[in-house]
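Enquirer: Data: my_file09.csv, CSV, C-alpha atoms.
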chain,number,residue,atom,x,y,z
N,470,MET,CA,79.8,92.9,71.5
N,471,THR,CA,76.8,90.6,71.8
N,472,ASP,CA,73.0,91.1,71.8
N,473,LEU,CA,72.4,88.4,74.3
N,474,THR,CA,69.7,88.9,76.8
N,475,LEU,CA,69.5,86.8,79.9
N,476,THR,CA,66.8,86.2,82.4
N,477,PRO,CA,67.9,86.5,86.1
N,478,ALA,CA,67.7,82.8,86.4
N,479,ALA,CA,69.9,82.4,83.3
N,480,ALA,CA,72.4,84.9,84.7
N,481,ARG,CA,72.6,82.8,87.9
N,482,ALA,CA,73.1,79.6,85.9
N,483,LEU,CA,75.9,81.2,83.9
N,484,HIS,CA,77.6,82.4,87.1
N,485,LEU,CA,77.3,78.9,88.6
N,486,ALA,CA,78.7,77.3,85.5
N,487,ALA,CA,81.7,79.6,85.5
N,488,GLN,CA,82.3,78.7,89.2
N,489,GLY,CA,82.1,75.0,88.5
N,490,MET,CA,78.8,74.7,90.4
N,491,LEU,CA,76.2,74.0,87.7
N,492,ARG,CA,76.0,70.2,87.9
N,493,PRO,CA,77.3,67.5,90.2
N,494,ARG,CA,80.5,65.8,89.3
N,495,ARG,CA,80.2,62.5,87.4
N,496,ARG,CA,83.5,61.0,88.5
N,497,LYS,CA,85.6,60.9,91.7
N,498,ALA,CA,88.0,63.8,92.0
N,499,VAL,CA,91.7,63.3,91.4
N,500,LYS,CA,94.5,65.6,92.6
N,501,ALA,CA,94.7,67.6,89.3
N,502,ASP,CA,91.0,68.5,89.7
N,503,LEU,CA,91.8,70.6,92.8
N,504,MET,CA,94.1,72.9,90.8
N,505,ALA,CA,91.6,73.1,88.0
N,506,ALA,CA,88.9,74.2,90.5
N,507,ILE,CA,91.2,76.9,91.9
N,508,ARG,CA,92.2,78.1,88.5
N,509,ARG,CA,88.5,78.3,87.6
N,510,MET,CA,87.8,80.5,90.6
N,511,GLY,CA,91.0,82.4,90.3
N,512,VAL,CA,91.5,82.5,94.1
N,513,LEU,CA,90.7,80.3,97.1
N,514,GLN,CA,90.1,82.4,100.2
N,515,ILE,CA,91.7,81.2,103.5
N,516,ASP,CA,90.0,81.3,106.9
N,517,THR,CA,90.9,79.3,110.0
N,518,ILE,CA,87.5,78.9,111.7
N,519,SER,CA,87.0,75.1,112.0
N,520,VAL,CA,83.5,74.4,113.5
N,521,VAL,CA,83.1,72.6,110.2
N,522,ALA,CA,86.0,72.1,107.7
N,523,ARG,CA,88.1,75.2,107.3
N,524,SER,CA,86.8,77.4,104.5
N,525,PRO,CA,89.2,76.5,101.7
N,526,TYR,CA,88.6,72.8,102.2
N,527,LEU,CA,84.8,73.3,102.2
N,528,VAL,CA,84.8,75.5,99.1
N,529,LEU,CA,86.7,72.7,97.3
N,530,TRP,CA,84.3,70.0,98.7
N,531,SER,CA,81.3,71.9,97.3
N,532,ARG,CA,82.9,71.7,93.8
N,533,LEU,CA,84.8,68.4,94.0
N,534,GLY,CA,82.7,66.2,96.3
N,535,ASP,CA,84.8,63.8,98.4
N,536,TYR,CA,88.5,64.4,97.9
N,537,ASP,CA,91.7,64.2,99.9
N,538,PRO,CA,92.2,67.5,101.7
N,539,ALA,CA,96.0,66.8,101.8
N,540,TRP,CA,96.1,67.7,98.1
N,541,LEU,CA,95.8,71.4,98.9
N,542,GLY,CA,98.9,71.4,101.1
N,543,GLU,CA,100.7,69.3,98.5
N,544,HIS,CA,100.0,71.7,95.7
N,545,LEU,CA,101.3,74.5,98.0
N,546,ALA,CA,104.5,72.7,98.9
N,547,GLU,CA,105.1,71.7,95.3
N,548,GLY,CA,104.9,75.3,94.1
N,549,ALA,CA,101.7,75.1,92.1
N,550,LEU,CA,100.1,77.6,94.5
N,551,PHE,CA,101.2,80.5,96.6
N,552,GLU,CA,99.6,82.5,99.4
N,553,TYR,CA,99.0,86.2,99.3
N,554,TRP,CA,96.4,89.0,99.7
N,555,ALA,CA,94.2,88.6,96.6
N,556,HIS,CA,90.5,88.9,97.6
N,557,GLU,CA,91.7,88.5,101.1
N,558,ALA,CA,94.3,86.0,102.2
N,559,CYS,CA,94.1,83.4,99.5
N,560,PHE,CA,95.7,80.5,97.8
N,561,VAL,CA,96.5,81.6,94.2
N,562,PRO,CA,97.9,79.7,91.2
N,563,ILE,CA,101.6,80.4,91.0
N,564,GLU,CA,101.2,81.8,87.4
N,565,ASP,CA,99.4,84.7,88.9
N,566,TYR,CA,102.3,85.7,91.2
N,567,ARG,CA,103.2,88.3,88.5
N,568,LEU,CA,99.8,89.9,88.9
N,569,LEU,CA,100.1,90.4,92.7
N,570,ARG,CA,103.8,91.3,92.8
N,571,HIS,CA,102.9,95.0,92.5
N,572,ARG,CA,101.1,94.8,95.9
N,573,MET,CA,104.3,93.4,97.6
N,574,LEU,CA,106.3,96.3,96.3
N,575,ASP,CA,103.9,98.8,97.7
N,576,PRO,CA,102.9,97.1,101.0
N,577,ALA,CA,101.9,100.3,102.7
N,578,ALA,CA,98.9,100.4,100.3
N,579,MET,CA,97.7,97.2,101.9
N,580,GLY,CA,96.3,99.1,104.9
N,581,TRP,CA,96.1,97.1,108.2
N,582,LYS,CA,97.8,94.1,106.5
N,583,TYR,CA,101.1,95.9,106.7
N,584,SER,CA,102.6,98.1,109.4
N,585,GLU,CA,105.1,100.7,108.3
N,586,SER,CA,105.7,101.8,111.9
N,587,TRP,CA,106.6,98.2,112.9
N,588,MET,CA,109.1,97.9,110.1
N,589,ARG,CA,110.6,101.2,111.0
N,590,GLU,CA,110.6,101.1,114.8
N,591,ARG,CA,111.4,97.4,115.1
N,592,ALA,CA,113.8,97.2,112.3
N,593,ALA,CA,116.3,95.2,114.3
N,594,ASP,CA,113.7,92.6,115.3
N,595,VAL,CA,112.6,92.2,111.7
N,596,ALA,CA,116.1,91.8,110.5
N,597,GLY,CA,116.7,89.2,113.2
N,598,VAL,CA,113.7,87.1,112.0
N,599,LEU,CA,114.9,87.4,108.5
N,600,ALA,CA,118.4,86.3,109.4
N,601,HIS,CA,117.1,83.4,111.5
N,602,ILE,CA,115.2,82.1,108.4
N,603,ARG,CA,118.1,82.7,106.1
N,604,GLN,CA,120.3,80.6,108.4
N,605,HIS,CA,117.9,78.0,109.7
N,606,GLY,CA,115.5,77.6,106.9
N,607,PRO,CA,111.7,77.4,106.9
N,608,THR,CA,110.1,78.6,110.1
N,609,ARG,CA,106.8,78.7,111.9
N,610,SER,CA,105.6,81.4,114.3
N,611,SER,CA,105.5,78.7,117.0
N,612,ASP,CA,109.2,78.1,116.5
N,613,PHE,CA,109.8,81.4,118.5
N,614,GLU,CA,109.0,81.2,122.2
N,615,ARG,CA,106.9,84.0,123.6
N,616,SER,CA,108.9,86.1,126.1
N,617,ASP,CA,106.6,89.0,127.0
N,618,GLY,CA,104.3,87.2,129.3
N,619,GLN,CA,101.2,87.9,127.2
N,620,ALA,CA,98.6,85.1,126.5
N,621,GLY,CA,98.5,86.0,122.8
N,622,GLY,CA,95.3,86.7,120.9
N,623,TRP,CA,95.4,87.6,117.2
N,624,TRP,CA,95.5,91.3,118.3
N,625,GLU,CA,98.5,90.6,120.7
N,626,TRP,CA,100.8,88.7,118.4
N,627,LYS,CA,104.3,88.1,119.7
N,628,SER,CA,107.1,90.2,118.1
N,629,GLU,CA,108.3,87.5,115.8
N,630,LYS,CA,104.8,86.7,114.5
N,631,ARG,CA,104.2,90.4,113.6
N,632,SER,CA,107.6,90.5,111.9
N,633,LEU,CA,106.8,87.4,109.9
N,634,GLU,CA,103.5,88.9,108.8
N,635,VAL,CA,105.0,92.2,107.6
N,636,LEU,CA,107.8,90.4,105.8
N,637,PHE,CA,105.2,88.2,104.1
N,638,THR,CA,103.1,91.2,103.0
N,639,SER,CA,106.2,92.9,101.7
N,640,GLY,CA,107.1,89.8,99.6
N,641,ALA,CA,110.4,89.1,101.4
N,642,LEU,CA,108.9,85.9,102.7
N,643,MET,CA,106.5,83.4,101.2
N,644,ILE,CA,104.6,80.4,102.6
N,645,ALA,CA,106.6,77.4,101.8
N,646,ARG,CA,104.0,75.0,103.1
N,647,ARG,CA,101.6,74.5,106.0
N,648,HIS,CA,102.0,72.2,108.9
N,649,ASN,CA,98.7,71.4,110.7
N,650,PHE,CA,97.5,74.5,108.9
N,651,GLN,CA,100.2,76.6,110.5
N,652,ARG,CA,102.1,78.8,108.0
N,653,VAL,CA,105.7,77.8,107.4
N,654,TYR,CA,107.7,80.8,106.1
N,655,ASP,CA,110.8,80.9,104.0
N,656,LEU,CA,112.7,83.4,101.9
N,657,ALA,CA,110.8,84.3,98.7
N,658,GLU,CA,113.8,83.4,96.5
N,659,ARG,CA,113.8,79.9,97.9
N,660,VAL,CA,110.1,79.3,97.6
N,661,HIS,CA,109.8,80.8,94.1
N,662,PRO,CA,113.4,80.7,92.7
N,663,GLY,CA,112.4,81.2,89.1
N,664,TRP,CA,111.0,84.7,89.7
N,665,HIS,CA,112.6,88.0,88.7
N,666,ASP,CA,110.9,91.3,88.9
N,667,SER,CA,111.7,91.8,85.2
N,668,GLN,CA,108.8,89.4,84.6
N,669,MET,CA,106.3,91.7,86.3
N,670,PRO,CA,103.9,93.3,83.8
N,671,HIS,CA,103.2,97.1,83.9
N,672,ILE,CA,100.5,98.1,86.5
N,673,ASP,CA,98.1,99.0,83.7
N,674,GLN,CA,98.4,95.6,82.2
N,675,THR,CA,98.0,94.0,85.6
N,676,ARG,CA,94.8,95.9,86.3
N,677,ARG,CA,93.4,94.9,82.9
N,678,GLN,CA,94.3,91.2,83.4
N,679,LEU,CA,92.8,91.0,86.9
N,680,ALA,CA,89.6,92.6,85.6
N,681,LEU,CA,89.4,90.1,82.8
N,682,GLN,CA,90.0,87.2,85.2
N,683,ALA,CA,87.4,88.5,87.6
N,684,VAL,CA,84.7,88.6,84.8
N,685,ARG,CA,85.7,85.1,83.7
N,686,ALA,CA,85.4,83.8,87.2
N,687,LEU,CA,82.0,85.5,87.7
N,688,GLY,CA,80.5,84.3,84.4
N,689,VAL,CA,78.3,87.4,84.1
N,690,CYS,CA,78.6,90.5,86.1
N,691,LYS,CA,77.9,94.2,86.6
N,692,ALA,CA,80.7,96.7,86.4
N,693,GLY,CA,80.5,97.3,90.2
N,694,TRP,CA,81.2,93.7,91.0
N,695,ILE,CA,84.5,93.4,89.2
N,696,ALA,CA,86.9,95.3,91.6
N,697,ASP,CA,85.8,93.3,94.6
N,698,TYR,CA,86.9,89.9,93.2
N,699,TYR,CA,90.7,90.7,93.5
N,700,ARG,CA,90.1,93.8,95.8
N,701,THR,CA,91.8,96.0,93.2
N,702,ARG,CA,92.3,99.6,94.1
N,703,ARG,CA,91.5,102.7,92.0
N,704,PRO,CA,91.8,103.6,89.2
N,705,HIS,CA,89.5,100.7,88.1
N,706,VAL,CA,89.5,99.4,84.6
N,707,ASP,CA,86.5,100.5,82.6
N,708,PRO,CA,84.7,97.4,81.3
N,709,GLU,CA,83.3,99.4,78.4
N,710,ALA,CA,86.9,100.0,77.2
N,711,LEU,CA,87.5,96.2,77.3
N,712,VAL,CA,84.3,95.7,75.3
N,713,ALA,CA,85.5,98.2,72.7
N,714,GLU,CA,88.7,96.3,72.2
N,715,GLY,CA,86.9,92.9,72.0
N,716,ALA,CA,88.3,91.6,75.3
N,717,LEU,CA,84.8,91.5,76.9
N,718,LEU,CA,81.3,91.0,75.7
N,719,ARG,CA,78.3,93.1,76.7
N,720,ALA,CA,74.9,91.6,77.3
N,721,SER,CA,71.8,92.5,79.2
N,722,VAL,CA,69.9,90.9,82.1
N,723,ALA,CA,66.2,91.4,82.5
N,724,GLY,CA,65.7,93.7,85.5
N,725,TRP,CA,69.2,95.1,85.5
N,726,ASP,CA,69.4,98.8,84.7
N,727,GLU,CA,73.0,98.6,83.6
N,728,PRO,CA,75.0,96.4,81.2
N,729,ALA,CA,76.2,92.9,82.0
N,730,TYR,CA,79.7,91.8,81.0
N,731,ILE,CA,80.8,88.3,79.9
N,732,HIS,CA,84.3,86.9,79.1
N,733,PRO,CA,84.6,85.6,75.5
N,734,GLU,CA,85.6,82.2,76.8
N,735,HIS,CA,82.0,81.9,78.2
N,736,LEU,CA,80.2,82.9,75.0
N,737,GLU,CA,78.9,79.5,74.2
N,738,LEU,CA,77.8,79.0,77.8
N,739,ALA,CA,76.1,82.4,77.7
N,740,ARG,CA,74.2,81.4,74.5
N,741,GLN,CA,73.1,78.2,76.3
N,742,ALA,CA,72.0,80.2,79.3
N,743,ALA,CA,70.0,82.6,77.1
N,744,ALA,CA,68.3,79.7,75.4
N,745,GLY,CA,67.4,78.2,78.8
N,746,ALA,CA,69.7,75.2,78.2
N,747,LEU,CA,71.7,75.6,81.4
N,748,ALA,CA,69.8,73.9,84.2
N,749,PRO,CA,71.6,74.1,87.6
N,750,SER,CA,71.3,70.8,89.5
N,751,VAL,CA,73.8,71.1,92.3
N,752,THR,CA,72.7,71.2,95.9
N,753,ALA,CA,75.5,71.9,98.4
N,754,LEU,CA,76.4,73.7,101.6
N,755,LEU,CA,78.6,76.7,100.9
N,756,SER,CA,81.4,78.2,103.0
N,757,PRO,CA,80.7,81.8,104.0
N,758,PHE,CA,83.9,82.6,102.1
N,759,ASP,CA,82.9,80.9,98.9
N,760,PRO,CA,83.2,83.2,95.9
N,761,ILE,CA,79.5,82.7,95.2
N,762,VAL,CA,78.6,84.6,98.4
N,763,TRP,CA,81.7,86.4,99.7
N,764,ASP,CA,80.5,89.7,98.0
N,765,ARG,CA,77.4,90.3,100.1
N,766,ARG,CA,76.1,93.0,97.8
N,767,ARG,CA,76.5,90.7,94.7
N,768,ALA,CA,74.7,87.8,96.6
N,769,LEU,CA,71.8,90.1,97.2
N,770,GLU,CA,71.6,91.5,93.7
N,771,LEU,CA,72.1,88.2,91.9
N,772,PHE,CA,70.4,85.7,94.2
N,773,GLY,CA,68.2,87.9,96.4
N,774,PHE,CA,70.1,86.5,99.3
N,775,ASP,CA,70.8,88.9,102.2
N,776,TYR,CA,73.7,87.2,103.9
N,777,ARG,CA,75.8,88.2,106.9
N,778,LEU,CA,78.4,86.2,108.7
N,779,GLU,CA,77.8,86.4,112.5
N,780,CYS,CA,80.9,84.8,114.0
N,781,TYR,CA,82.1,88.3,115.0
N,782,THR,CA,78.7,89.3,116.4
N,783,PRO,CA,78.1,88.8,120.1
N,784,ALA,CA,76.1,85.6,120.6
N,785,PRO,CA,72.9,87.2,122.0
N,786,LYS,CA,72.7,89.3,118.9
N,787,ARG,CA,73.1,86.5,116.3
N,788,ARG,CA,70.1,85.7,114.1
N,789,TYR,CA,71.3,82.7,112.2
N,790,GLY,CA,74.3,81.4,114.2
N,791,TYR,CA,78.0,81.5,114.6
N,792,PHE,CA,79.1,80.2,111.2
N,793,SER,CA,76.0,79.7,109.0
N,794,LEU,CA,76.5,78.0,105.7
N,795,PRO,CA,74.4,79.1,102.7
N,796,ILE,CA,72.4,76.4,101.0
N,797,LEU,CA,72.7,76.4,97.2
N,798,ARG,CA,69.9,74.4,95.7
N,799,ARG,CA,69.4,74.0,91.9
N,800,GLY,CA,70.4,77.6,91.1
N,801,ALA,CA,69.0,79.4,94.1
N,802,LEU,CA,70.2,80.2,97.6
N,803,VAL,CA,67.3,78.7,99.6
N,804,GLY,CA,68.5,78.9,103.2
N,805,ARG,CA,71.3,78.6,105.7
N,806,VAL,CA,72.6,76.0,108.1
N,807,ASP,CA,74.3,76.7,111.4
N,808,ALA,CA,76.3,73.5,111.8
N,809,LYS,CA,79.1,72.0,113.9
N,810,ALA,CA,81.1,68.9,113.3
N,811,HIS,CA,81.8,66.9,116.4
N,812,ARG,CA,84.5,64.8,114.8
N,813,ARG,CA,85.5,62.9,117.9
N,814,ASP,CA,81.9,61.7,118.5
N,815,GLY,CA,81.1,61.3,114.8
N,816,ILE,CA,78.2,63.7,115.0
N,817,PHE,CA,77.3,66.5,112.5
N,818,GLU,CA,75.1,68.8,114.5
N,819,ILE,CA,72.6,71.0,112.7
N,820,LYS,CA,71.9,73.7,115.3
N,821,LEU,CA,69.6,75.6,113.0
N,822,ILE,CA,68.5,75.2,109.5
N,823,GLU,CA,66.4,78.1,108.2
N,824,LEU,CA,64.8,78.5,104.8
N,825,GLU,CA,64.5,81.8,103.0
N,826,PRO,CA,61.1,83.5,103.0
N,827,GLY,CA,59.0,82.2,100.2
N,828,VAL,CA,60.8,78.9,99.8
N,829,ARG,CA,58.1,76.1,99.6
N,830,VAL,CA,58.8,72.9,101.5
N,831,SER,CA,58.4,69.9,99.2
N,832,ALA,CA,59.6,66.3,99.2
N,833,ARG,CA,62.1,67.1,96.5
N,834,LEU,CA,63.5,70.1,98.4
N,835,CYS,CA,63.9,68.0,101.6
N,836,ALA,CA,65.5,65.2,99.7
N,837,ASP,CA,68.0,67.6,98.0
N,838,ILE,CA,69.0,69.3,101.2
N,839,ALA,CA,69.1,66.1,103.2
N,840,GLN,CA,71.4,64.5,100.7
N,841,ALA,CA,73.8,67.5,100.7
N,842,ILE,CA,73.9,67.5,104.5
N,843,VAL,CA,74.6,63.7,104.7
N,844,ARG,CA,77.3,63.9,102.1
N,845,CYS,CA,78.9,66.8,103.9
N,846,ALA,CA,78.7,65.0,107.3
N,847,ALA,CA,80.2,61.9,105.8
N,848,TRP,CA,83.1,63.9,104.4
N,849,HIS,CA,83.6,65.2,107.9
N,850,ALA,CA,83.8,61.6,109.2
N,851,CYS,CA,80.5,62.2,111.0
N,852,PRO,CA,78.1,59.4,110.1
N,853,GLU,CA,75.4,60.7,112.5
N,854,VAL,CA,73.4,63.9,111.7
N,855,LEU,CA,71.7,65.6,114.7
N,856,LEU,CA,68.9,68.0,113.8
N,857,THR,CA,68.1,70.5,116.6
N,858,ARG,CA,65.9,73.2,115.1
N,859,THR,CA,64.4,74.3,111.9
N,860,GLU,CA,62.7,77.5,110.7
N,861,PRO,CA,59.9,77.1,109.9
N,862,ALA,CA,59.2,74.5,112.5
N,863,SER,CA,57.0,72.6,110.1
N,864,PHE,CA,60.2,71.9,108.1
N,865,ALA,CA,61.6,69.7,110.9
N,866,ALA,CA,59.5,66.5,110.4
N,867,PRO,CA,59.9,66.2,106.6
N,868,LEU,CA,63.6,67.1,106.7
N,869,ALA,CA,64.2,64.6,109.5
N,870,ALA,CA,62.6,61.9,107.5
N,871,ALA,CA,64.6,62.8,104.4
N,872,LEU,CA,67.8,62.8,106.5
N,873,GLY,CA,67.0,59.3,107.6
N,874,GLU,CA,66.4,58.1,104.1
N,875,ALA,CA,69.5,59.8,102.8
N,876,ALA,CA,71.7,58.3,105.5
N,877,ALA,CA,70.3,54.9,104.8
N,878,CYS,CA,71.0,55.2,101.1
N,879,ALA,CA,74.5,56.5,101.9
N,880,SER,CA,75.1,53.5,104.2
N,881,VAL,CA,74.0,51.0,101.5
N,882,ALA,CA,76.2,52.8,98.9
N,883,ALA,CA,79.2,52.6,101.2
Just give me the structure of the file as structure tokens.

Expert:
Amino acid sequence: MTDLTLTPAAARALHLAAQGMLRPRRRKAVKADLMAAIRRMGVLQIDTISVVARSPYLVLWSRLGDYDPAWLGEHLAEGALFEYWAHEACFVPIEDYRLLRHRMLDPAAMGWKYSESWMRERAADVAGVLAHIRQHGPTRSSDFERSDGQAGGWWEWKSEKRSLEVLFTSGALMIARRHNFQRVYDLAERVHPGWHDSQMPHIDQTRRQLALQAVRALGVCKAGWIADYYRTRRPHVDPEALVAEGALLRASVAGWDEPAYIHPEHLELARQAAAGALAPSVTALLSPFDPIVWDRRRALELFGFDYRLECYTPAPKRRYGYFSLPILRRGALVGRVDAKAHRRDGIFEIKLIELEPGVRVSARLCADIAQAIVRCAAWHACPEVLLTRTEPASFAAPLAAALGEAAACASVAA
């Protein structure tokens, strides 16, 4: 229990602190920092869209600054991480395998992620894929030639790909590593040889632990936000029961008509937030699948940011662009950027950058956003930033000037 009362700004600061996004890093990242960042978040969502860096790499860049993207694949191959359905498809610290194992044993509950009919009607095909991997070792989908004459979109996977995916969801296969971001599948007992199902906690304990980890990752949260983090199914854990046993703390946030919950590990941070001593100073471009914004309802309730990803929306109906990146600036979500990295030409194109209603254009705002864009562009090996359009239009000239200054400073620093 706690009698802490937070302002909305303090709640946002506590959330960002829990996510490792309160202040810029003071030192260059090393490989171990990548695992520390994932453990802080709990999960790192995977997405393959690559108009800018693929989402998991961008989420890590927002927290680590310049780092070697190869570290992610190395941690996976070394067994520090595994892949599974957590929030969605995610990289997860291997110590949490025990918490997701229940899902593998009941794959039908995973909905569209698993096909009972495929496993039943194509049992011989599935067994053949499993036997191939058992005999020949780690395998990619591309190792199987397509023989049905189909071109093959994600909705028309070849037989072996579908079998690989259902075997993955059932836990028979795991991802041993990735090659050019393609999954390499192997038998679970070879990827995670130390595991035995006797190590799996009871489902009630699993639900409790996932709820606690979600609250810890969120910093401060409403009860309704908890289940989404790991996409846990009913029955959900009652956070009030966790408060009663001392596993969570209850607080209040001005303007919220329900309690707020805080993990005890964040008590000191929460006290600092309540005292106004947590001052967010990070400005960064976020992936659409960053934990800060992936729950659209939470982003709206916590940040007042109404965010929708439009890559699956027909182009004529898009408002903000194919893959717009939220702009986090000093504790607020102030706008979004529709960007594309033209890596071959070394150009980072800003198709549209739009500020949120009510955000005042100032020299400091322009400098913060310009520096974040230039840093992101440089990490993409794109030294040139091409600004096409801004909303409001009056934002264009001061931002262009700030981009020029930021680029010059970056060039001198290099």

Enquirer: Under the rule that only C-alpha atoms are counted, which of N:Asp764, N:Glu547, N:Asp565, N:Asp775 is the nearest residue to Asp697 of chain N?

Expert: N:Asp764

Enquirer: Any idea what's packed within 7 Å of Thr752 of chain N, counting only C-alpha atoms, ignoring anything in its chain fewer than 5 positions away? Could you give it as a list in words?

Expert: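 Near neighbours after the sequence-gap exclusion: Leu797, Arg798, Arg799, Asp837, Ile838 and Ala841 of chain N.
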
Enquirer: Counting all atoms listed in the file, which residues in segment 726-793 of chain N sit no more than 8 Å from segment 505-527 of chain N? For each one, give the nearest pair of atoms and the distance in Å, sorted by chain then residue number, as JSON lines.

Expert:
{"residue": "N:Leu755", "atom": "CA", "partner": "N:Leu527", "partner_atom": "CA", "distance": 7.2}
{"residue": "N:Ser756", "atom": "CA", "partner": "N:Ser524", "partner_atom": "CA", "distance": 5.7}
{"residue": "N:Pro757", "atom": "CA", "partner": "N:Ser524", "partner_atom": "CA", "distance": 7.5}
{"residue": "N:Phe758", "atom": "CA", "partner": "N:Ser524", "partner_atom": "CA", "distance": 6.4}
{"residue": "N:Asp759", "atom": "CA", "partner": "N:Gln514", "partner_atom": "CA", "distance": 7.5}
{"residue": "N:Pro760", "atom": "CA", "partner": "N:Met510", "partner_atom": "CA", "distance": 7.5}
{"residue": "N:Phe792", "atom": "CA", "partner": "N:Val520", "partner_atom": "CA", "distance": 7.6}

Enquirer: Using all atoms listed in the file, pick whichever of N:Arg481, N:His849, N:Arg829, N:Arg532 has the shortest atom-to-atom distance to Leu503 of chain N.

Expert: N:Arg532

Enquirer: Out of N:Arg591, N:Lys786, N:Arg567, N:Arg740, which residue has the shortest atom-to-atom distance to His661 of chain N when counting all atoms listed in the file?

Expert: N:Arg567

Enquirer: Please identify all polymer residues within 12 Å of Ser721 of chain N, counting all atoms listed in the file, omitting same-chain residues fewer than 4 positions from it, and present them as a list in words.

Expert: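 Counting only the stated atoms, we get Met470, Thr471, Asp472, Leu473, Thr474, Leu475, Thr476, Pro477, Ala479, Ala480, Val689, Cys690, Lys691, Trp725, Asp726, Glu727, Pro728, Ala729, Tyr730, Ile731, Ala739 and Ala743 of chain N.
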
Enquirer: Emit the selected residues as a compact mmCIF listing (two decimals), in the coordinates of the input, including C-alpha atoms.

Expert:
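And here is the file that came out, again-v6.txt:
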# COMPACT_ATOMS: atom_id res chain seq x y z
CA MET N 470 79.80 92.90 71.50
CA THR N 471 76.80 90.60 71.80
CA ASP N 472 73.00 91.10 71.80
CA LEU N 473 72.40 88.40 74.30
CA THR N 474 69.70 88.90 76.80
CA LEU N 475 69.50 86.80 79.90
CA THR N 476 66.80 86.20 82.40
CA PRO N 477 67.90 86.50 86.10
CA ALA N 479 69.90 82.40 83.30
CA ALA N 480 72.40 84.90 84.70
CA VAL N 689 78.30 87.40 84.10
CA CYS N 690 78.60 90.50 86.10
CA LYS N 691 77.90 94.20 86.60
CA TRP N 725 69.20 95.10 85.50
CA ASP N 726 69.40 98.80 84.70
CA GLU N 727 73.00 98.60 83.60
CA PRO N 728 75.00 96.40 81.20
CA ALA N 729 76.20 92.90 82.00
CA TYR N 730 79.70 91.80 81.00
CA ILE N 731 80.80 88.30 79.90
CA ALA N 739 76.10 82.40 77.70
CA ALA N 743 70.00 82.60 77.10

Enquirer: Considering all atoms listed in the file, can you say which of N:Leu491, N:Ser750, N:Arg570, N:Val828 comes closest to Ser667 of chain N?

Expert: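 So, comparing all the options, the nearest one is N:Arg570.
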
Enquirer: So how far away is atom CA of Leu550 of chain N from atom CA of Ser610 of chain N, in Å?

Expert: 20.9 Å
